[in-house]
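Engineer: Structure file model26.pdb (PDB, C-alpha atoms) is given on the next line.
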```
MODEL        1
ATOM      1  CA  MET G 652      85.774  40.384  79.868  1.00  0.00           C
ATOM      2  CA  SER G 653      86.156  41.829  83.359  1.00  0.00           C
ATOM      3  CA  ARG G 654      88.173  44.715  84.688  1.00  0.00           C
ATOM      4  CA  ALA G 655      88.452  46.930  87.759  1.00  0.00           C
ATOM      5  CA  TRP G 656      86.912  50.400  87.649  1.00  0.00           C
ATOM      6  CA  GLU G 657      87.167  53.599  89.637  1.00  0.00           C
ATOM      7  CA  ALA G 658      84.209  53.429  92.023  1.00  0.00           C
ATOM      8  CA  GLU G 659      83.357  57.133  91.651  1.00  0.00           C
ATOM      9  CA  THR G 660      83.212  56.793  87.866  1.00  0.00           C
ATOM     10  CA  VAL G 661      80.772  53.896  88.097  1.00  0.00           C
ATOM     11  CA  PHE G 662      78.639  55.607  90.749  1.00  0.00           C
ATOM     12  CA  ASP G 663      78.483  58.830  88.726  1.00  0.00           C
ATOM     13  CA  LEU G 664      77.648  57.065  85.489  1.00  0.00           C
ATOM     14  CA  LEU G 665      75.150  54.489  86.755  1.00  0.00           C
ATOM     15  CA  GLY G 666      73.670  56.991  89.196  1.00  0.00           C
ATOM     16  CA  ASN G 667      72.120  58.784  86.226  1.00  0.00           C
ATOM     17  CA  GLU G 668      68.545  57.632  85.570  1.00  0.00           C
ATOM     18  CA  LEU G 669      68.788  58.181  81.801  1.00  0.00           C
ATOM     19  CA  VAL G 670      71.990  56.127  81.602  1.00  0.00           C
ATOM     20  CA  ARG G 671      70.269  53.248  83.382  1.00  0.00           C
ATOM     21  CA  GLU G 672      67.287  53.517  81.032  1.00  0.00           C
ATOM     22  CA  LEU G 673      69.568  53.531  77.961  1.00  0.00           C
ATOM     23  CA  LEU G 674      71.380  50.429  79.199  1.00  0.00           C
ATOM     24  CA  ALA G 675      68.107  48.652  79.952  1.00  0.00           C
ATOM     25  CA  LEU G 676      66.605  49.430  76.531  1.00  0.00           C
ATOM     26  CA  THR G 677      69.734  48.470  74.614  1.00  0.00           C
ATOM     27  CA  SER G 678      70.031  45.223  76.558  1.00  0.00           C
ATOM     28  CA  VAL G 679      66.860  44.056  74.782  1.00  0.00           C
ATOM     29  CA  GLU G 680      67.660  45.200  71.237  1.00  0.00           C
ATOM     30  CA  ARG G 681      69.952  47.476  69.268  1.00  0.00           C
ATOM     31  CA  LEU G 682      68.485  50.954  69.000  1.00  0.00           C
ATOM     32  CA  SER G 683      69.482  54.181  67.276  1.00  0.00           C
ATOM     33  CA  ALA G 684      69.921  57.413  69.217  1.00  0.00           C
ATOM     34  CA  ASP G 685      66.685  58.707  67.659  1.00  0.00           C
ATOM     35  CA  GLU G 686      64.779  55.634  68.864  1.00  0.00           C
ATOM     36  CA  LEU G 687      66.320  55.952  72.316  1.00  0.00           C
ATOM     37  CA  ALA G 688      65.460  59.648  72.559  1.00  0.00           C
ATOM     38  CA  GLU G 689      61.860  58.890  71.641  1.00  0.00           C
ATOM     39  CA  ARG G 690      61.492  55.967  74.061  1.00  0.00           C
ATOM     40  CA  CYS G 691      63.141  57.865  76.911  1.00  0.00           C
ATOM     41  CA  SER G 692      61.342  61.154  76.226  1.00  0.00           C
ATOM     42  CA  ALA G 693      64.742  62.851  76.264  1.00  0.00           C
ATOM     43  CA  SER G 694      66.354  65.302  73.877  1.00  0.00           C
ATOM     44  CA  GLN G 695      68.682  63.910  71.226  1.00  0.00           C
ATOM     45  CA  PRO G 696      71.665  65.973  72.442  1.00  0.00           C
ATOM     46  CA  THR G 697      71.209  64.605  75.975  1.00  0.00           C
ATOM     47  CA  VAL G 698      70.933  61.030  74.700  1.00  0.00           C
ATOM     48  CA  TYR G 699      74.054  61.477  72.546  1.00  0.00           C
ATOM     49  CA  ARG G 700      76.024  62.840  75.534  1.00  0.00           C
ATOM     50  CA  ARG G 701      75.042  59.867  77.683  1.00  0.00           C
ATOM     51  CA  LEU G 702      75.783  57.408  74.857  1.00  0.00           C
ATOM     52  CA  ASP G 703      79.214  59.022  74.386  1.00  0.00           C
ATOM     53  CA  SER G 704      79.956  58.438  78.083  1.00  0.00           C
ATOM     54  CA  LEU G 705      78.743  54.839  77.891  1.00  0.00           C
ATOM     55  CA  GLU G 706      80.815  54.267  74.753  1.00  0.00           C
ATOM     56  CA  GLU G 707      83.902  55.790  76.396  1.00  0.00           C
ATOM     57  CA  TYR G 708      83.699  53.137  79.115  1.00  0.00           C
ATOM     58  CA  ASP G 709      82.763  50.325  76.686  1.00  0.00           C
ATOM     59  CA  LEU G 710      79.351  49.889  78.320  1.00  0.00           C
ATOM     60  CA  VAL G 711      77.637  50.091  74.929  1.00  0.00           C
ATOM     61  CA  GLY G 712      78.715  48.728  71.584  1.00  0.00           C
ATOM     62  CA  VAL G 713      78.210  50.884  68.504  1.00  0.00           C
ATOM     63  CA  HIS G 714      77.146  49.292  65.237  1.00  0.00           C
ATOM     64  CA  THR G 715      76.800  50.745  61.755  1.00  0.00           C
ATOM     65  CA  GLU G 716      73.556  49.688  60.121  1.00  0.00           C
ATOM     66  CA  PHE G 717      71.832  50.463  56.833  1.00  0.00           C
ATOM     67  CA  ASP G 718      68.185  51.270  56.177  1.00  0.00           C
ATOM     68  CA  GLU G 719      66.190  50.156  53.128  1.00  0.00           C
ATOM     69  CA  GLU G 720      67.427  53.143  51.087  1.00  0.00           C
ATOM     70  CA  GLY G 721      71.060  52.293  51.815  1.00  0.00           C
ATOM     71  CA  ASN G 722      71.584  55.160  54.295  1.00  0.00           C
ATOM     72  CA  HIS G 723      73.739  54.268  57.261  1.00  0.00           C
ATOM     73  CA  TYR G 724      73.166  55.046  60.921  1.00  0.00           C
ATOM     74  CA  GLN G 725      74.543  53.911  64.245  1.00  0.00           C
ATOM     75  CA  SER G 726      72.765  51.648  66.671  1.00  0.00           C
ATOM     76  CA  TYR G 727      73.724  50.920  70.252  1.00  0.00           C
ATOM     77  CA  GLU G 728      73.794  47.682  72.219  1.00  0.00           C
ATOM     78  CA  CYS G 729      74.392  47.214  75.942  1.00  0.00           C
ATOM     79  CA  ARG G 730      77.682  45.473  76.757  1.00  0.00           C
ATOM     80  CA  LEU G 731      77.282  45.554  80.539  1.00  0.00           C
ATOM     81  CA  GLU G 732      76.795  42.038  81.817  1.00  0.00           C
ATOM     82  CA  GLU G 733      77.197  42.559  85.546  1.00  0.00           C
ATOM     83  CA  ALA G 734      78.719  44.873  88.138  1.00  0.00           C
ATOM     84  CA  HIS G 735      80.051  43.850  91.544  1.00  0.00           C
ATOM     85  CA  ILE G 736      80.582  46.454  94.236  1.00  0.00           C
ATOM     86  CA  SER G 737      82.389  45.599  97.444  1.00  0.00           C
ATOM     87  CA  VAL G 738      83.695  47.512 100.423  1.00  0.00           C
ATOM     88  CA  GLU G 739      87.287  46.692 101.275  1.00  0.00           C
ATOM     89  CA  GLU G 740      89.797  48.360 103.562  1.00  0.00           C
ATOM     90  CA  GLY G 741      87.842  51.593 103.879  1.00  0.00           C
ATOM     91  CA  GLY G 742      87.026  51.985 100.194  1.00  0.00           C
ATOM     92  CA  PHE G 743      84.879  50.664  97.410  1.00  0.00           C
ATOM     93  CA  THR G 744      85.977  48.225  94.744  1.00  0.00           C
ATOM     94  CA  VAL G 745      83.988  47.862  91.528  1.00  0.00           C
ATOM     95  CA  ASP G 746      84.417  45.026  89.070  1.00  0.00           C
ATOM     96  CA  ILE G 747      82.449  45.172  85.822  1.00  0.00           C
ATOM     97  CA  THR G 748      81.985  42.273  83.434  1.00  0.00           C
ATOM     98  CA  LEU G 749      81.313  43.166  79.817  1.00  0.00           C
ATOM     99  CA  ARG G 750      79.790  41.010  77.130  1.00  0.00           C
ATOM    100  CA  ARG G 751      82.155  40.042  74.355  1.00  0.00           C
ATOM    101  CA  ASP G 752      82.190  42.207  71.265  1.00  0.00           C
ATOM    102  CA  PRO G 753      79.959  40.723  68.591  1.00  0.00           C
ATOM    103  CA  VAL G 754      81.747  39.672  65.433  1.00  0.00           C
ATOM    104  CA  GLY G 755      81.728  42.605  63.019  1.00  0.00           C
ATOM    105  CA  ASP G 756      80.009  45.910  63.608  1.00  0.00           C
ATOM    106  CA  VAL G 757      78.317  46.477  60.248  1.00  0.00           C
ATOM    107  CA  ASP G 758      74.940  45.047  59.317  1.00  0.00           C
ATOM    108  CA  LEU G 759      74.444  45.097  55.571  1.00  0.00           C
ATOM    109  CA  PRO G 760      70.954  45.321  54.083  1.00  0.00           C
ATOM    110  CA  ASP G 761      69.407  42.117  52.777  1.00  0.00           C
ATOM    111  CA  GLY G 762      69.318  41.614  49.052  1.00  0.00           C
TER     112      GLY G 762
ENDMDL
END
```
Now, as a test, write the supplied structure out as structure tokens.
Structural biologist:
Amino acid sequence: MSRAWEAETVFDLLGNELVRELLALTSVERLSADELAERCSASQPTVYRRLDSLEEYDLVGVHTEFDEEGNHYQSYECRLEEAHISVEEGGFTVDITLRRDPVGDVDLPDG
């Protein structure tokens, strides 16, 4: 899925080092906000704010998962596949390609 974006929005969002780190980590595996905060050495509130921004622009997918005790939590997965930036007619054009949504967003415990 591809769509045009406001260049300033993309520059502001991807210009943030923590946002780039969150996208990189979640491109490898789904991670919870707690796991991301620990791996990034960032506070949970800061990680949640950045994840909210990424979710708002569909750059991360949110999944409900269950631990061994049956408690649920959310995990995050990068949806950004690629970004193309071009300069045209005195301005910037940004085209972002997102990975397709995985089928279903709930992972049930085994057993």
Engineer: Can you tell me which residues surround segment 694-706 of chain G at a distance of at most 10 Å, considering only C-alpha atoms, apart from same-chain residues fewer than 5 positions away, and format the answer as a VMD selection string?
Structural biologist: chain G and resid 664 to 665 667 669 to 671 673 to 674 684 to 689 711 to 713 727 to 731
Engineer: Neighbours of segment 658-663 of chain G within 7 Å (all atoms listed in the file; same-chain residues fewer than 4 positions away dropped), as a list in words?
Structural biologist: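 The neighbour list is Asn667, Phe743, Thr744 and Val745 of chain G.
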Engineer: Separation of atom CA of Gln725 of chain G and atom CA of Trp656 of chain G, in Å?
Structural biologist: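 These two atoms are separated by 26.7 Å.
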Engineer: Can you report as JSON the centre and edge lengths in Å, to one decimal, of an axis-aligned box around the listed atoms of segment 677-687 of chain G padded with 4 Å on each side?
Structural biologist:
```
{"center_x": 67.4, "center_y": 51.4, "center_z": 71.9, "size_x": 13.3, "size_y": 22.7, "size_z": 17.3}
```
Engineer: For atom CA of Ile747 of chain G and atom CA of His735 of chain G, quote the distance in Å rounded to one decimal.
Structural biologist: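 Value for the atom CA of Ile747 of chain G-atom CA of His735 of chain G distance: 6.3 Å.
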Engineer: At the level of C-alpha atoms, write chain G to a file as a PDB file, in the first residue's frame, please.
Structural biologist:
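The new file out.pdb reads:
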```pdb
ATOM      1  CA  MET G 652       0.000   0.000   0.000  1.00  0.00           C
ATOM      2  CA  SER G 653       1.433   3.374  -0.997  1.00  0.00           C
ATOM      3  CA  ARG G 654       0.220   6.893  -0.445  1.00  0.00           C
ATOM      4  CA  ALA G 655       1.454  10.480  -0.610  1.00  0.00           C
ATOM      5  CA  TRP G 656       2.415  12.226   2.623  1.00  0.00           C
ATOM      6  CA  GLU G 657       3.011  15.770   3.776  1.00  0.00           C
ATOM      7  CA  ALA G 658       6.790  16.170   3.582  1.00  0.00           C
ATOM      8  CA  GLU G 659       7.013  18.144   6.843  1.00  0.00           C
ATOM      9  CA  THR G 660       5.136  15.414   8.709  1.00  0.00           C
ATOM     10  CA  VAL G 661       7.541  12.750   7.478  1.00  0.00           C
ATOM     11  CA  PHE G 662      10.619  14.883   8.173  1.00  0.00           C
ATOM     12  CA  ASP G 663       9.412  15.706  11.690  1.00  0.00           C
ATOM     13  CA  LEU G 664       8.521  12.123  12.504  1.00  0.00           C
ATOM     14  CA  LEU G 665      11.503  10.326  10.969  1.00  0.00           C
ATOM     15  CA  GLY G 666      13.856  13.088  12.085  1.00  0.00           C
ATOM     16  CA  ASN G 667      13.428  11.841  15.649  1.00  0.00           C
ATOM     17  CA  GLU G 668      16.174   9.392  16.645  1.00  0.00           C
ATOM     18  CA  LEU G 669      13.909   7.409  18.991  1.00  0.00           C
ATOM     19  CA  VAL G 670      11.272   7.002  16.271  1.00  0.00           C
ATOM     20  CA  ARG G 671      13.900   5.602  13.916  1.00  0.00           C
ATOM     21  CA  GLU G 672      15.129   3.226  16.623  1.00  0.00           C
ATOM     22  CA  LEU G 673      11.565   2.041  17.355  1.00  0.00           C
ATOM     23  CA  LEU G 674      10.950   1.369  13.666  1.00  0.00           C
ATOM     24  CA  ALA G 675      14.247  -0.487  13.315  1.00  0.00           C
ATOM     25  CA  LEU G 676      13.616  -2.697  16.362  1.00  0.00           C
ATOM     26  CA  THR G 677      10.035  -3.499  15.405  1.00  0.00           C
ATOM     27  CA  SER G 678      11.084  -4.339  11.855  1.00  0.00           C
ATOM     28  CA  VAL G 679      12.892  -7.385  13.280  1.00  0.00           C
ATOM     29  CA  GLU G 680      10.231  -8.625  15.708  1.00  0.00           C
ATOM     30  CA  ARG G 681       7.069  -7.557  17.490  1.00  0.00           C
ATOM     31  CA  LEU G 682       7.883  -5.883  20.785  1.00  0.00           C
ATOM     32  CA  SER G 683       5.867  -4.463  23.665  1.00  0.00           C
ATOM     33  CA  ALA G 684       6.281  -0.862  24.791  1.00  0.00           C
ATOM     34  CA  ASP G 685       8.065  -2.119  27.922  1.00  0.00           C
ATOM     35  CA  GLU G 686      10.556  -4.086  25.813  1.00  0.00           C
ATOM     36  CA  LEU G 687      11.083  -1.101  23.533  1.00  0.00           C
ATOM     37  CA  ALA G 688      11.644   1.264  26.458  1.00  0.00           C
ATOM     38  CA  GLU G 689      14.240  -1.097  27.894  1.00  0.00           C
ATOM     39  CA  ARG G 690      16.076  -1.641  24.597  1.00  0.00           C
ATOM     40  CA  CYS G 691      16.065   2.064  23.754  1.00  0.00           C
ATOM     41  CA  SER G 692      16.950   3.226  27.274  1.00  0.00           C
ATOM     42  CA  ALA G 693      13.978   5.584  27.084  1.00  0.00           C
ATOM     43  CA  SER G 694      11.149   6.263  29.503  1.00  0.00           C
ATOM     44  CA  GLN G 695       7.883   4.413  28.960  1.00  0.00           C
ATOM     45  CA  PRO G 696       5.862   7.638  28.572  1.00  0.00           C
ATOM     46  CA  THR G 697       8.246   8.838  25.844  1.00  0.00           C
ATOM     47  CA  VAL G 698       8.078   5.492  24.038  1.00  0.00           C
ATOM     48  CA  TYR G 699       4.265   5.488  24.240  1.00  0.00           C
ATOM     49  CA  ARG G 700       4.100   9.032  22.798  1.00  0.00           C
ATOM     50  CA  ARG G 701       6.312   8.064  19.867  1.00  0.00           C
ATOM     51  CA  LEU G 702       4.370   4.826  19.297  1.00  0.00           C
ATOM     52  CA  ASP G 703       1.105   6.809  19.310  1.00  0.00           C
ATOM     53  CA  SER G 704       2.507   9.064  16.569  1.00  0.00           C
ATOM     54  CA  LEU G 705       3.709   6.077  14.547  1.00  0.00           C
ATOM     55  CA  GLU G 706       0.332   4.379  14.974  1.00  0.00           C
ATOM     56  CA  GLU G 707      -1.505   7.551  13.916  1.00  0.00           C
ATOM     57  CA  TYR G 708       0.331   7.440  10.586  1.00  0.00           C
ATOM     58  CA  ASP G 709       0.041   3.635  10.237  1.00  0.00           C
ATOM     59  CA  LEU G 710       3.819   3.209  10.445  1.00  0.00           C
ATOM     60  CA  VAL G 711       3.430   0.555  13.144  1.00  0.00           C
ATOM     61  CA  GLY G 712       0.840  -2.159  13.517  1.00  0.00           C
ATOM     62  CA  VAL G 713      -0.554  -2.866  16.973  1.00  0.00           C
ATOM     63  CA  HIS G 714      -1.283  -6.431  18.024  1.00  0.00           C
ATOM     64  CA  THR G 715      -2.971  -7.819  21.119  1.00  0.00           C
ATOM     65  CA  GLU G 716      -1.033 -10.723  22.577  1.00  0.00           C
ATOM     66  CA  PHE G 717      -1.405 -12.925  25.642  1.00  0.00           C
ATOM     67  CA  ASP G 718       1.247 -14.071  28.099  1.00  0.00           C
ATOM     68  CA  GLU G 719       1.380 -17.495  29.767  1.00  0.00           C
ATOM     69  CA  GLU G 720      -0.988 -16.360  32.544  1.00  0.00           C
ATOM     70  CA  GLY G 721      -3.587 -15.200  30.023  1.00  0.00           C
ATOM     71  CA  ASN G 722      -2.927 -11.469  30.555  1.00  0.00           C
ATOM     72  CA  HIS G 723      -3.081  -9.404  27.400  1.00  0.00           C
ATOM     73  CA  TYR G 724      -0.702  -6.707  26.219  1.00  0.00           C
ATOM     74  CA  GLN G 725       0.010  -4.846  23.015  1.00  0.00           C
ATOM     75  CA  SER G 726       2.983  -5.430  20.782  1.00  0.00           C
ATOM     76  CA  TYR G 727       4.151  -3.272  17.910  1.00  0.00           C
ATOM     77  CA  GLU G 728       5.401  -4.170  14.447  1.00  0.00           C
ATOM     78  CA  CYS G 729       6.929  -1.870  11.837  1.00  0.00           C
ATOM     79  CA  ARG G 730       4.736  -1.379   8.759  1.00  0.00           C
ATOM     80  CA  LEU G 731       7.091   0.985   6.932  1.00  0.00           C
ATOM     81  CA  GLU G 732       8.464  -0.742   3.871  1.00  0.00           C
ATOM     82  CA  GLU G 733      10.080   2.165   2.061  1.00  0.00           C
ATOM     83  CA  ALA G 734      10.004   5.942   1.714  1.00  0.00           C
ATOM     84  CA  HIS G 735      10.788   7.916  -1.433  1.00  0.00           C
ATOM     85  CA  ILE G 736      11.577  11.609  -1.212  1.00  0.00           C
ATOM     86  CA  SER G 737      11.842  13.734  -4.326  1.00  0.00           C
ATOM     87  CA  VAL G 738      12.187  17.414  -5.087  1.00  0.00           C
ATOM     88  CA  GLU G 739       9.687  18.660  -7.636  1.00  0.00           C
ATOM     89  CA  GLU G 740       8.668  22.145  -8.699  1.00  0.00           C
ATOM     90  CA  GLY G 741      10.226  23.863  -5.700  1.00  0.00           C
ATOM     91  CA  GLY G 742       8.909  21.460  -3.074  1.00  0.00           C
ATOM     92  CA  PHE G 743       9.329  18.014  -1.639  1.00  0.00           C
ATOM     93  CA  THR G 744       7.172  15.017  -2.429  1.00  0.00           C
ATOM     94  CA  VAL G 745       7.151  11.996  -0.125  1.00  0.00           C
ATOM     95  CA  ASP G 746       5.700   8.632  -1.040  1.00  0.00           C
ATOM     96  CA  ILE G 747       5.604   5.944   1.644  1.00  0.00           C
ATOM     97  CA  THR G 748       4.946   2.271   1.015  1.00  0.00           C
ATOM     98  CA  LEU G 749       3.504   0.302   3.909  1.00  0.00           C
ATOM     99  CA  ARG G 750       3.517  -3.430   4.423  1.00  0.00           C
ATOM    100  CA  ARG G 751       0.119  -5.059   4.242  1.00  0.00           C
ATOM    101  CA  ASP G 752      -1.735  -5.578   7.486  1.00  0.00           C
ATOM    102  CA  PRO G 753      -1.173  -9.093   8.778  1.00  0.00           C
ATOM    103  CA  VAL G 754      -4.284 -11.226   8.983  1.00  0.00           C
ATOM    104  CA  GLY G 755      -5.793 -10.806  12.444  1.00  0.00           C
ATOM    105  CA  ASP G 756      -4.294  -8.782  15.251  1.00  0.00           C
ATOM    106  CA  VAL G 757      -4.715 -11.161  18.190  1.00  0.00           C
ATOM    107  CA  ASP G 758      -2.260 -13.908  19.050  1.00  0.00           C
ATOM    108  CA  LEU G 759      -3.852 -16.472  21.325  1.00  0.00           C
ATOM    109  CA  PRO G 760      -1.731 -18.498  23.742  1.00  0.00           C
ATOM    110  CA  ASP G 761      -0.875 -22.055  22.751  1.00  0.00           C
ATOM    111  CA  GLY G 762      -2.755 -24.838  24.442  1.00  0.00           C
TER     112      GLY G 762
END
```
